[in-house]
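Participant: Right, I'll just put the structure down here and ask away after.
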Amino acid sequence: MLGEGSRVLHGAVLTAEDGEVHLGENSVVMENALVRGRANHPAVIGATVLVGPHAHVNGATVEAEVFIATGASLFPGSIAGTGAELRINSVLQVNSRLAAGTVLPIGWIAVGDPAQLFSPDRHDEIWAIQQTLDFPGTVYGAGRDTTMRDIMAGQSAYYGTHHQDRQLPDPH
(Lines give C-alpha, C1' and ligand atoms only; values in the text may rest on other atoms or scores of the structure.)
Protein backbone atom coordinates (compact mmCIF):
# COMPACT_ATOMS: atom_id res chain seq x y z
CA MET A 1 0.00 0.00 0.00
CA LEU A 2 1.40 3.39 -1.00
CA GLY A 3 0.20 6.48 0.82
CA GLU A 4 -0.74 9.69 -0.92
CA GLY A 5 2.28 11.73 -1.95
CA SER A 6 4.68 8.83 -1.36
CA ARG A 7 7.44 8.32 -3.92
CA VAL A 8 9.59 5.37 -4.96
CA LEU A 9 12.62 6.49 -6.97
CA HIS A 10 14.57 4.81 -9.78
CA GLY A 11 15.98 1.41 -8.97
CA ALA A 12 14.29 1.09 -5.58
CA VAL A 13 12.55 -2.22 -4.89
CA LEU A 14 9.45 -2.77 -2.78
CA THR A 15 8.87 -6.51 -2.52
CA ALA A 16 6.15 -8.42 -0.75
CA GLU A 17 7.14 -12.02 -1.53
CA ASP A 18 5.07 -13.35 1.35
CA GLY A 19 4.30 -10.25 3.43
CA GLU A 20 2.99 -6.75 3.07
CA VAL A 21 4.66 -3.41 2.38
CA HIS A 22 3.05 -0.19 3.59
CA LEU A 23 4.51 3.20 2.72
CA GLY A 24 2.96 6.17 4.54
CA GLU A 25 1.96 9.46 3.01
CA ASN A 26 4.68 11.82 1.82
CA SER A 27 7.39 9.22 2.40
CA VAL A 28 10.20 8.70 -0.09
CA VAL A 29 12.17 5.55 -0.92
CA MET A 30 15.30 6.70 -2.74
CA GLU A 31 17.39 5.12 -5.46
CA ASN A 32 18.35 1.47 -5.10
CA ALA A 33 16.83 1.05 -1.65
CA LEU A 34 15.11 -2.23 -0.75
CA VAL A 35 11.91 -2.49 1.29
CA ARG A 36 10.87 -6.11 1.90
CA GLY A 37 7.69 -7.33 3.56
CA ARG A 38 7.81 -10.71 5.24
CA ALA A 39 5.01 -13.07 6.30
CA ASN A 40 5.57 -12.55 10.02
CA HIS A 41 7.08 -9.09 9.72
CA PRO A 42 5.49 -6.70 7.23
CA ALA A 43 7.49 -3.66 6.20
CA VAL A 44 5.52 -0.76 7.66
CA ILE A 45 6.90 2.69 6.96
CA GLY A 46 5.06 5.61 8.53
CA ALA A 47 4.30 9.07 7.18
CA THR A 48 7.02 11.53 6.20
CA VAL A 49 9.88 9.02 6.29
CA LEU A 50 12.99 9.16 4.11
CA VAL A 51 14.55 5.83 3.13
CA GLY A 52 17.94 6.76 1.68
CA PRO A 53 19.78 5.31 -1.30
CA HIS A 54 20.93 1.72 -0.86
CA ALA A 55 19.12 1.42 2.48
CA HIS A 56 17.62 -1.95 3.44
CA VAL A 57 14.31 -2.11 5.34
CA ASN A 58 13.53 -5.81 5.78
CA GLY A 59 10.39 -6.68 7.75
CA ALA A 60 10.78 -3.64 9.99
CA THR A 61 8.41 -1.05 11.40
CA VAL A 62 9.44 2.55 10.86
CA GLU A 63 7.33 5.10 12.69
CA ALA A 64 6.66 8.65 11.43
CA GLU A 65 9.30 11.24 10.62
CA VAL A 66 12.26 8.82 10.64
CA PHE A 67 15.40 9.54 8.61
CA ILE A 68 17.12 6.44 7.23
CA ALA A 69 20.42 7.42 5.61
CA THR A 70 22.34 5.84 2.76
CA GLY A 71 23.19 2.20 3.36
CA ALA A 72 21.38 1.85 6.69
CA SER A 73 19.85 -1.58 7.42
CA LEU A 74 16.79 -2.49 9.49
CA PHE A 75 16.22 -6.20 10.08
CA PRO A 76 13.00 -8.22 10.63
CA GLY A 77 11.07 -7.43 13.77
CA SER A 78 12.96 -4.20 14.39
CA ILE A 79 11.22 -0.91 15.19
CA ALA A 80 12.55 2.60 14.59
CA GLY A 81 10.63 5.01 16.82
CA THR A 82 9.16 8.33 15.73
CA GLY A 83 11.75 10.91 14.77
CA ALA A 84 14.70 8.52 15.00
CA GLU A 85 17.71 8.96 12.72
CA LEU A 86 19.65 6.02 11.36
CA ARG A 87 22.77 7.50 9.88
CA ILE A 88 24.98 6.20 7.04
CA ASN A 89 25.61 2.42 7.16
CA SER A 90 24.06 2.00 10.60
CA VAL A 91 22.27 -1.24 11.56
CA LEU A 92 19.11 -1.83 13.59
CA GLN A 93 19.36 -5.53 14.40
CA VAL A 94 16.61 -8.16 14.30
CA ASN A 95 13.89 -7.77 16.98
CA SER A 96 15.48 -4.55 18.30
CA ARG A 97 13.67 -1.32 19.17
CA LEU A 98 15.29 2.09 18.61
CA ALA A 99 13.55 4.62 20.86
CA ALA A 100 11.81 7.67 19.44
CA GLY A 101 14.17 10.54 18.69
CA THR A 102 17.32 8.41 19.01
CA VAL A 103 20.25 9.06 16.66
CA LEU A 104 22.10 5.92 15.59
CA PRO A 105 25.56 7.22 14.56
CA ILE A 106 27.35 6.50 11.28
CA GLY A 107 28.26 2.81 11.10
CA TRP A 108 26.95 1.97 14.58
CA ILE A 109 24.76 -0.98 15.54
CA ALA A 110 21.61 -0.87 17.67
CA VAL A 111 20.71 -4.16 19.32
CA GLY A 112 18.13 -5.21 21.91
CA ASP A 113 14.76 -4.00 23.18
CA PRO A 114 15.26 -1.28 24.14
CA ALA A 115 18.24 -0.99 21.81
CA GLN A 116 21.70 -0.36 23.11
CA LEU A 117 24.03 1.49 20.73
CA PHE A 118 27.47 0.14 19.91
CA SER A 119 30.35 1.23 17.73
CA PRO A 120 31.30 -1.51 15.26
CA ASP A 121 34.54 -2.31 17.09
CA ARG A 122 32.56 -3.72 20.05
CA HIS A 123 31.59 -6.99 18.37
CA ASP A 124 31.75 -9.18 21.47
CA GLU A 125 29.34 -6.91 23.37
CA ILE A 126 27.01 -6.72 20.36
CA TRP A 127 27.05 -10.50 19.95
CA ALA A 128 26.26 -11.07 23.63
CA ILE A 129 22.91 -9.35 23.07
CA GLN A 130 22.34 -10.27 19.43
CA GLN A 131 22.61 -14.04 19.98
CA THR A 132 19.53 -13.89 22.25
CA LEU A 133 17.40 -12.15 19.58
CA ASP A 134 16.96 -15.27 17.39
CA PHE A 135 18.16 -14.03 14.00
CA PRO A 136 17.94 -17.44 12.28
CA GLY A 137 14.49 -18.13 13.70
CA THR A 138 13.15 -14.68 12.82
CA VAL A 139 14.63 -14.47 9.32
CA TYR A 140 14.70 -18.11 8.19
CA GLY A 141 12.40 -19.95 10.58
CA ALA A 142 15.39 -22.11 11.55
CA GLY A 143 17.17 -22.97 14.77
CA ARG A 144 20.60 -21.54 15.51
CA ASP A 145 22.20 -24.95 14.91
CA THR A 146 20.68 -25.32 11.41
CA THR A 147 23.40 -25.64 8.79
CA MET A 148 23.86 -23.06 6.06
CA ARG A 149 23.30 -25.89 3.56
CA ASP A 150 19.80 -26.50 5.00
CA ILE A 151 18.97 -22.79 5.31
CA MET A 152 19.95 -22.07 1.71
CA ALA A 153 18.14 -25.15 0.36
CA GLY A 154 14.99 -23.75 1.98
CA GLN A 155 15.65 -20.24 0.66
CA SER A 156 16.30 -21.53 -2.86
CA ALA A 157 13.04 -23.49 -2.84
CA TYR A 158 11.14 -20.53 -1.41
CA TYR A 159 12.32 -18.03 -4.01
CA GLY A 160 11.88 -20.54 -6.82
CA THR A 161 8.24 -21.18 -6.04
CA HIS A 162 5.59 -18.68 -7.08
CA HIS A 163 2.46 -20.80 -6.99
CA GLN A 164 0.24 -17.81 -6.29
CA ASP A 165 1.62 -15.58 -9.05
CA ARG A 166 -0.85 -14.21 -11.53
CA GLN A 167 -0.29 -12.40 -14.77
CA LEU A 168 -1.50 -8.83 -14.79
CA PRO A 169 -3.46 -7.64 -17.81
CA ASP A 170 -1.55 -5.64 -20.40
CA PRO A 171 -2.52 -1.97 -19.87
CA HIS A 172 -2.20 -1.25 -23.61
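Simple scheme: letters A, B, ... for chains in C-alpha coordinates order, numbers from 1 for residues in each chain, numbers from 1 for ligands in the order shown.
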Any idea what's packed within 6 Å of Ile68 of chain A, counting only C-alpha atoms, ignoring anything in its chain fewer than 6 positions away? Could you give it as a list in words?
Facilitator: Leu50, Val51, Gly52 and Leu86 of chain A
Participant: Write out as a list in words the residues lying within 9 Å of Val28 of chain A, counting only C-alpha atoms and excluding same-chain residues fewer than 6 positions away.
Facilitator: Gly5, Ser6, Arg7, Val8, Leu9, Thr48, Val49, Leu50, Val51 and Gly52 of chain A
Participant: Return the single residue from A:Ile126, A:Ile79, A:Ala110, A:Ala33 that is closest to Ala55 of chain A, with distances computed using only C-alpha atoms.
Facilitator: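 Of A:Ile126, A:Ile79, A:Ala110, A:Ala33, the one nearest Ala55 of chain A, counting only C-alpha atoms, is A:Ala33.
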Participant: From the options A:Ile109, A:Leu168, A:Met148, A:Ala64, which residue's atoms come nearest to Asn89 of chain A, counting only C-alpha atoms?
Facilitator: A:Ile109
Participant: Name the residues in contact with Gly37 of chain A at a cut-off of 12 Å, using only C-alpha atoms, excluding same-chain residues fewer than 5 positions from it; report them as a PyMOL selection string.
Facilitator: chain A and resi 1+13-23+42-45+56-61+74-77+139
Participant: Figure out the distance between atom CA of Ile106 of chain A and atom CA of Glu125 of chain A, please, to one decimal in Å.
Facilitator: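 Here the two named atoms are 18.2 Å from each other.
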Participant: Do a neighbour search on Gly11 of chain A at 12 Å with only C-alpha atoms, toss out local chain neighbours closer than 5 positions, and write the hits as a PyMOL selection string.
Facilitator: chain A and resi 29-35+53-55
Participant: When you count only C-alpha atoms, which of these residues is closest to Arg38 of chain A: A:Ser96, A:Pro171, A:Thr138, A:Gly154?
Facilitator: A:Thr138
Participant: Can you list, as a list in words, every protein, DNA or RNA residue that comes within 8 Å of Thr82 of chain A when you count only C-alpha atoms, leaving out same-chain residues fewer than 5 positions away?
Facilitator: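 The filter keeps Val62, Glu63, Ala64, Glu65, Val66, Ala99, Ala100 and Gly101 of chain A.
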Participant: Between A:Asn95, A:Arg36, A:Trp108, A:Tyr159, single out the one closest to Ile129 of chain A, counting only C-alpha atoms.
Facilitator: A:Asn95
